[in-house]
file run04.tsv (TSV, C-alpha atoms)
chain	number	residue	atom	x	y	z
Y	1	SER	CA	-180.47	-165.36	-148.27
Y	2	ASP	CA	-181.73	-163.96	-144.98
Y	3	PHE	CA	-178.60	-161.84	-144.85
Y	4	PHE	CA	-179.94	-159.61	-147.64
Y	5	HIS	CA	-183.40	-159.20	-146.08
Y	6	VAL	CA	-182.15	-157.25	-143.06
Y	7	SER	CA	-180.95	-153.68	-142.88
Y	8	LYS	CA	-177.38	-152.76	-143.78
Y	9	ASN	CA	-176.64	-151.88	-140.18
Y	10	GLU	CA	-177.92	-155.26	-139.01
Y	11	GLN	CA	-175.87	-156.97	-141.72
Y	12	ILE	CA	-172.73	-155.15	-140.60
Y	13	ALA	CA	-173.44	-155.84	-136.93
Y	14	ASP	CA	-174.00	-159.53	-137.65
Y	15	PHE	CA	-170.85	-159.73	-139.76
Y	16	CYS	CA	-168.80	-157.98	-137.08
Y	17	ARG	CA	-170.17	-160.27	-134.39
Y	18	LYS	CA	-169.31	-163.37	-136.38
Y	19	ARG	CA	-165.91	-161.95	-137.27
Y	20	GLY	CA	-165.36	-161.05	-133.64
Y	21	ASP	CA	-166.23	-164.59	-132.56
Y	22	PHE	CA	-163.79	-165.94	-135.14
Y	23	LEU	CA	-161.00	-163.61	-134.03
Y	24	MET	CA	-161.68	-164.39	-130.38
Y	25	ALA	CA	-161.47	-168.11	-131.09
Y	26	GLU	CA	-158.28	-167.55	-133.07
Y	27	THR	CA	-156.81	-165.46	-130.25
Y	28	LYS	CA	-157.71	-168.12	-127.67
Y	29	ASP	CA	-156.08	-170.75	-129.87
Y	30	ARG	CA	-152.91	-168.71	-130.15
Y	31	ARG	CA	-152.85	-168.17	-126.40
Y	32	SER	CA	-153.23	-171.90	-125.91
Y	33	VAL	CA	-150.32	-172.60	-128.27
Y	34	ARG	CA	-148.11	-170.06	-126.51
Y	35	ARG	CA	-149.01	-171.55	-123.12
Y	36	THR	CA	-148.22	-175.07	-124.31
Y	37	LYS	CA	-144.87	-173.97	-125.70
Y	38	ARG	CA	-143.99	-172.13	-122.50
Y	39	LEU	CA	-144.78	-175.25	-120.46
Y	40	LEU	CA	-142.63	-177.42	-122.71
Y	41	LYS	CA	-139.69	-175.01	-122.60
Y	42	ALA	CA	-139.90	-174.62	-118.82
Y	43	SER	CA	-140.14	-178.39	-118.38
Y	44	LEU	CA	-137.14	-178.95	-120.64
Y	45	ILE	CA	-135.05	-176.54	-118.55
Y	46	ASP	CA	-136.19	-178.34	-115.38
Y	47	LEU	CA	-135.23	-181.77	-116.75
Y	48	LEU	CA	-131.84	-180.50	-117.93
Y	49	GLN	CA	-130.94	-179.76	-114.32
Y	50	THR	CA	-130.56	-183.48	-113.63
Y	51	LYS	CA	-129.88	-185.18	-116.98
Y	52	GLY	CA	-128.31	-184.65	-120.37
Y	53	ILE	CA	-130.29	-183.66	-123.44
Y	54	THR	CA	-129.75	-187.10	-125.01
Y	55	LYS	CA	-131.37	-188.78	-121.99
Y	56	ILE	CA	-134.64	-186.84	-122.19
Y	57	SER	CA	-137.49	-188.51	-124.08
Y	58	VAL	CA	-140.54	-186.85	-125.58
Y	59	SER	CA	-142.78	-188.95	-123.32
Y	60	GLU	CA	-140.91	-187.81	-120.22
Y	61	LEU	CA	-141.00	-184.18	-121.29
Y	62	ALA	CA	-144.71	-184.33	-122.11
Y	63	GLN	CA	-145.45	-185.87	-118.72
Y	64	ALA	CA	-143.42	-183.15	-116.97
Y	65	ALA	CA	-145.34	-180.47	-118.89
Y	66	ASP	CA	-148.66	-182.21	-118.15
Y	67	ILE	CA	-149.60	-182.56	-121.82
Y	68	ASN	CA	-150.03	-185.62	-123.98
Y	69	ARG	CA	-147.28	-186.86	-126.28
Y	70	GLY	CA	-149.30	-186.11	-129.40
Y	71	THR	CA	-149.60	-182.43	-128.44
Y	72	PHE	CA	-145.81	-182.19	-128.39
Y	73	TYR	CA	-145.64	-183.38	-132.01
Y	74	LEU	CA	-148.15	-180.75	-133.08
Y	75	HIS	CA	-145.45	-178.15	-132.37
Y	76	TYR	CA	-142.03	-179.85	-132.60
Y	77	ARG	CA	-140.33	-182.66	-134.51
Y	78	ASP	CA	-138.22	-183.75	-131.55
Y	79	ILE	CA	-136.46	-182.50	-128.41
Y	80	TYR	CA	-133.76	-180.78	-130.44
Y	81	ASP	CA	-136.37	-178.86	-132.43
Y	82	LEU	CA	-137.74	-177.50	-129.14
Y	83	LEU	CA	-134.22	-176.70	-127.95
Y	84	ASP	CA	-133.51	-174.86	-131.19
Y	85	GLU	CA	-136.61	-172.69	-130.79
Y	86	LEU	CA	-135.66	-171.88	-127.20
Y	87	GLU	CA	-132.19	-170.77	-128.31
Y	88	ASN	CA	-133.71	-168.77	-131.14
Y	89	ASP	CA	-135.97	-167.00	-128.63
Y	90	ILE	CA	-132.86	-165.78	-126.81
Y	91	ALA	CA	-131.17	-164.76	-130.07
Y	92	LYS	CA	-134.25	-162.72	-131.05
Y	93	ASP	CA	-134.20	-160.97	-127.69
Y	94	PHE	CA	-130.54	-160.07	-128.23
Y	95	ILE	CA	-131.39	-158.67	-131.66
Y	96	ALA	CA	-134.14	-156.54	-130.08
Y	97	ILE	CA	-131.65	-155.22	-127.50
Y	98	SER	CA	-129.19	-154.40	-130.26
Y	99	ASP	CA	-131.87	-152.60	-132.26
Y	100	ARG	CA	-132.80	-150.43	-129.25
Y	101	HIS	CA	-129.24	-149.11	-129.03
Y	102	ARG	CA	-128.53	-148.73	-132.74
Y	103	GLN	CA	-128.21	-144.93	-132.66
Y	104	GLU	CA	-125.94	-144.93	-129.60
Y	105	VAL	CA	-123.61	-147.47	-131.18
Y	106	LYS	CA	-123.43	-145.43	-134.39
Y	107	LYS	CA	-122.10	-142.57	-132.26
Y	108	GLY	CA	-119.44	-144.83	-130.77
Y	109	ASP	CA	-121.17	-145.45	-127.41
Y	110	ILE	CA	-121.13	-149.23	-127.04
Y	111	TYR	CA	-121.52	-149.48	-123.25
Y	112	PRO	CA	-125.38	-149.38	-123.10
Y	113	VAL	CA	-125.83	-152.31	-125.49
Y	114	LEU	CA	-123.13	-154.37	-123.75
Y	115	ARG	CA	-124.77	-153.61	-120.38
Y	116	ASP	CA	-128.26	-154.57	-121.55
Y	117	PHE	CA	-127.00	-157.85	-123.05
Y	118	LEU	CA	-125.64	-158.77	-119.63
Y	119	ILE	CA	-128.71	-157.56	-117.74
Y	120	TYR	CA	-130.78	-159.83	-119.97
Y	121	ILE	CA	-128.47	-162.76	-119.20
Y	122	SER	CA	-128.64	-162.07	-115.45
Y	123	GLU	CA	-132.45	-161.86	-115.53
Y	124	ASN	CA	-132.64	-165.17	-117.41
Y	125	ALA	CA	-129.63	-166.79	-115.75
Y	126	ARG	CA	-131.16	-170.20	-115.10
Y	127	VAL	CA	-132.19	-170.67	-118.72
Y	128	CYS	CA	-128.99	-169.25	-120.20
Y	129	LEU	CA	-126.69	-171.17	-117.86
Y	130	THR	CA	-128.55	-174.42	-118.48
Y	131	LEU	CA	-128.27	-174.00	-122.25
Y	132	ALA	CA	-124.61	-172.99	-122.07
Y	133	ARG	CA	-123.80	-176.13	-120.08
Y	134	ILE	CA	-125.36	-178.68	-122.45
Y	135	LYS	CA	-122.57	-181.15	-123.23
Y	136	ASN	CA	-121.34	-181.17	-126.84
Y	137	HIS	CA	-123.88	-178.51	-127.72
Y	138	ASN	CA	-122.94	-174.83	-127.70
Y	139	ASP	CA	-125.53	-173.54	-130.15
Y	140	MET	CA	-126.75	-170.79	-127.83
Y	141	LEU	CA	-123.29	-169.21	-127.67
Y	142	ARG	CA	-122.77	-169.75	-131.40
Y	143	LYS	CA	-126.05	-167.98	-132.09
Y	144	LEU	CA	-125.05	-165.09	-129.82
Y	145	ARG	CA	-121.84	-164.68	-131.81
Y	146	LYS	CA	-123.93	-164.68	-134.97
Y	147	VAL	CA	-126.22	-161.99	-133.52
Y	148	LEU	CA	-123.21	-159.82	-132.76
Y	149	ARG	CA	-121.95	-160.29	-136.31
Y	150	GLU	CA	-125.29	-159.55	-137.96
Y	151	SER	CA	-126.57	-156.85	-135.61
Y	152	CYS	CA	-123.43	-155.01	-134.51
Y	153	PHE	CA	-120.85	-155.37	-137.28
Y	154	GLN	CA	-122.23	-152.57	-139.45
Y	155	GLU	CA	-123.20	-150.40	-136.50
Y	156	TRP	CA	-119.71	-150.57	-134.99
Y	157	LYS	CA	-118.11	-149.57	-138.26
Y	158	PRO	CA	-117.39	-146.01	-137.05
Y	159	LEU	CA	-114.55	-147.70	-135.13
Y	160	GLN	CA	-113.14	-148.76	-138.51
Y	161	ARG	CA	-111.73	-145.28	-139.06
Y	162	TYR	CA	-109.05	-146.06	-136.50
Y	163	VAL	CA	-107.65	-149.15	-138.21
Y	164	GLY	CA	-108.93	-149.52	-141.80
Y	165	THR	CA	-111.26	-152.04	-143.41
Y	166	ASP	CA	-109.08	-155.17	-143.44
Y	167	VAL	CA	-107.90	-154.83	-139.85
Y	168	TYR	CA	-111.44	-154.08	-138.70
Y	169	GLU	CA	-112.56	-157.51	-139.98
Y	170	TYR	CA	-109.93	-159.20	-137.80
Y	171	TYR	CA	-110.66	-156.88	-134.90
Y	172	PHE	CA	-114.40	-157.50	-134.95
Y	173	SER	CA	-113.92	-161.28	-135.14
Y	174	PHE	CA	-111.69	-161.02	-132.08
Y	175	VAL	CA	-114.22	-158.85	-130.22
Y	176	GLN	CA	-117.11	-161.10	-131.23
Y	177	SER	CA	-115.53	-164.24	-129.79
Y	178	GLY	CA	-113.90	-162.44	-126.86
Y	179	TYR	CA	-117.10	-160.79	-125.66
Y	180	VAL	CA	-119.09	-164.03	-125.84
Y	181	GLY	CA	-116.21	-165.74	-124.02
Y	182	MET	CA	-116.35	-163.11	-121.24
Y	183	LEU	CA	-120.11	-163.55	-121.03
Y	184	GLU	CA	-119.78	-167.33	-120.80
Y	185	TYR	CA	-117.07	-167.15	-118.11
Y	186	TRP	CA	-119.10	-164.66	-116.07
Y	187	LEU	CA	-122.23	-166.80	-116.35
Y	188	LYS	CA	-120.56	-170.10	-115.46
Y	189	ASN	CA	-118.65	-168.59	-112.53
Y	190	GLY	CA	-121.67	-167.37	-110.63
Y	191	MET	CA	-121.99	-163.81	-112.00
Y	192	LYS	CA	-120.07	-162.35	-109.04
Y	193	GLU	CA	-119.68	-158.99	-110.76
Y	194	THR	CA	-122.64	-156.84	-111.76
Y	195	PRO	CA	-123.65	-156.47	-115.42
Y	196	LYS	CA	-122.42	-152.87	-115.26
Y	197	GLN	CA	-118.98	-153.91	-114.01
Y	198	ILE	CA	-118.50	-156.54	-116.70
Y	199	SER	CA	-119.82	-154.19	-119.37
Y	200	ARG	CA	-117.38	-151.45	-118.39
Y	201	MET	CA	-114.57	-153.99	-118.47
Y	202	ALA	CA	-115.63	-155.18	-121.93
Y	203	GLU	CA	-115.98	-151.60	-123.16
Y	204	LYS	CA	-112.43	-150.76	-122.07
Y	205	ILE	CA	-111.00	-153.90	-123.67
Y	206	ILE	CA	-112.83	-153.23	-126.93
Y	207	LEU	CA	-111.96	-149.53	-127.21
Y	208	ARG	CA	-108.40	-149.80	-125.90
Y	209	GLY	CA	-107.83	-152.79	-128.11
Y	210	ILE	CA	-108.71	-150.88	-131.23
Y	211	SER	CA	-106.67	-147.85	-130.17
Y	212	SER	CA	-103.62	-150.10	-129.77
Y	213	LEU	CA	-103.98	-151.10	-133.43
Y	214	ASN	CA	-103.96	-147.50	-134.57
Y	215	GLY	CA	-100.57	-146.93	-136.11
call {"tool": "encode", "arguments": {"input": "run04.tsv", "output": "structure tokens"}}
result
Amino acid sequence: SDFFHVSKNEQIADFCRKRGDFLMAETKDRRSVRRTKRLLKASLIDLLQTKGITKISVSELAQAADINRGTFYLHYRDIYDLLDELENDIAKDFIAISDRHRQEVKKGDIYPVLRDFLIYISENARVCLTLARIKNHNDMLRKLRKVLRESCFQEWKPLQRYVGTDVYEYYFSFVQSGYVGMLEYWLKNGMKETPKQISRMAEKIILRGISSLNG
């Protein structure tokens, strides 16, 4: 072929150009997908301000996002599939926050991770509050409890030395539900306190609670 009749440098340059064009096209396609998904998620949150999840149709959502109905089905099975991905996005962000503070938690300092969870909620209050208020659907809060279990349970185990293994299981289950309950109450009641204030309160409850079990 003509490819083998040119110099090696020209062959490499041509290959790199074609590969670059391919990667650029792939990158543009990925950007387009991300943009479409962002539009759909934002439009879903907007529609949830005035109606329940069961009242929102794919056609209505697509129109709000200014895309055609077929494009929606390229990415999601139905409205609940989109909702699930949106909730998973938040859960992944919580996991990333937990990972950032892994070493501090191992040393028994739980305040920074509690604070950053709440800062994240405050910065994304409209989305989080909308999801938390969906009638007969509390998957976001359930997923946050799951994140705490999977991301924090092992890291908080230094606290286990105060109470023993069996009691720690009960204690962590209590903390897991209690902290998410505090977060939900704070969110639904207008976030009057700062993330730092609520985090300090949670820290005291968690640490004093475990000390009360000691002995």
call {"tool": "residues_around", "arguments": {"input": "run04.tsv", "residues": "range 85-92 of chain Y", "least_positions_apart": "3", "cutoff": "10 Å", "atoms": "only C-alpha atoms", "output": "ChimeraX atom specification"}}
result
/Y:37-38,40-42,44-45,76,80-82,95-98,120-121,124,127-128,131,139-148
call {"tool": "atom_distance", "arguments": {"input": "run04.tsv", "atom1": "CA of Gly52 in chain Y", "atom2": "CA of Ile134 in chain Y"}}
result
7.0 Å
call {"tool": "closest_residue", "arguments": {"input": "run04.tsv", "among": "Y:Thr36, Y:Ser122, Y:Ser173, Y:Thr194", "to": "Asn68 in chain Y", "atoms": "all atoms listed in the file"}}
result
Y:Thr36
call {"tool": "residues_around", "arguments": {"input": "run04.tsv", "residues": "Val113 in chain Y", "least_positions_apart": "3", "cutoff": "10 Å", "atoms": "only C-alpha atoms", "output": "VMD selection string"}}
result
chain Y and resid 94 97 to 102 104 to 105 109 to 110 116 to 119 152 199
call {"tool": "closest_residue", "arguments": {"input": "run04.tsv", "among": "Y:Pro112, Y:Leu129, Y:Phe172, Y:Val167", "to": "Trp186 in chain Y", "atoms": "all atoms listed in the file"}}
result
Y:Leu129
call {"tool": "atom_distance", "arguments": {"input": "run04.tsv", "atom1": "CA of Glu184 in chain Y", "atom2": "CA of Ala64 in chain Y"}}
result
28.7 Å
call {"tool": "atom_distance", "arguments": {"input": "run04.tsv", "atom1": "CA of Ile205 in chain Y", "atom2": "CA of Arg126 in chain Y"}}
result
27.3 Å
call {"tool": "closest_residue", "arguments": {"input": "run04.tsv", "among": "Y:Ser59, Y:Gln197, Y:Gln49, Y:Thr130", "to": "Leu114 in chain Y", "atoms": "only C-alpha atoms"}}
result
Y:Gln197
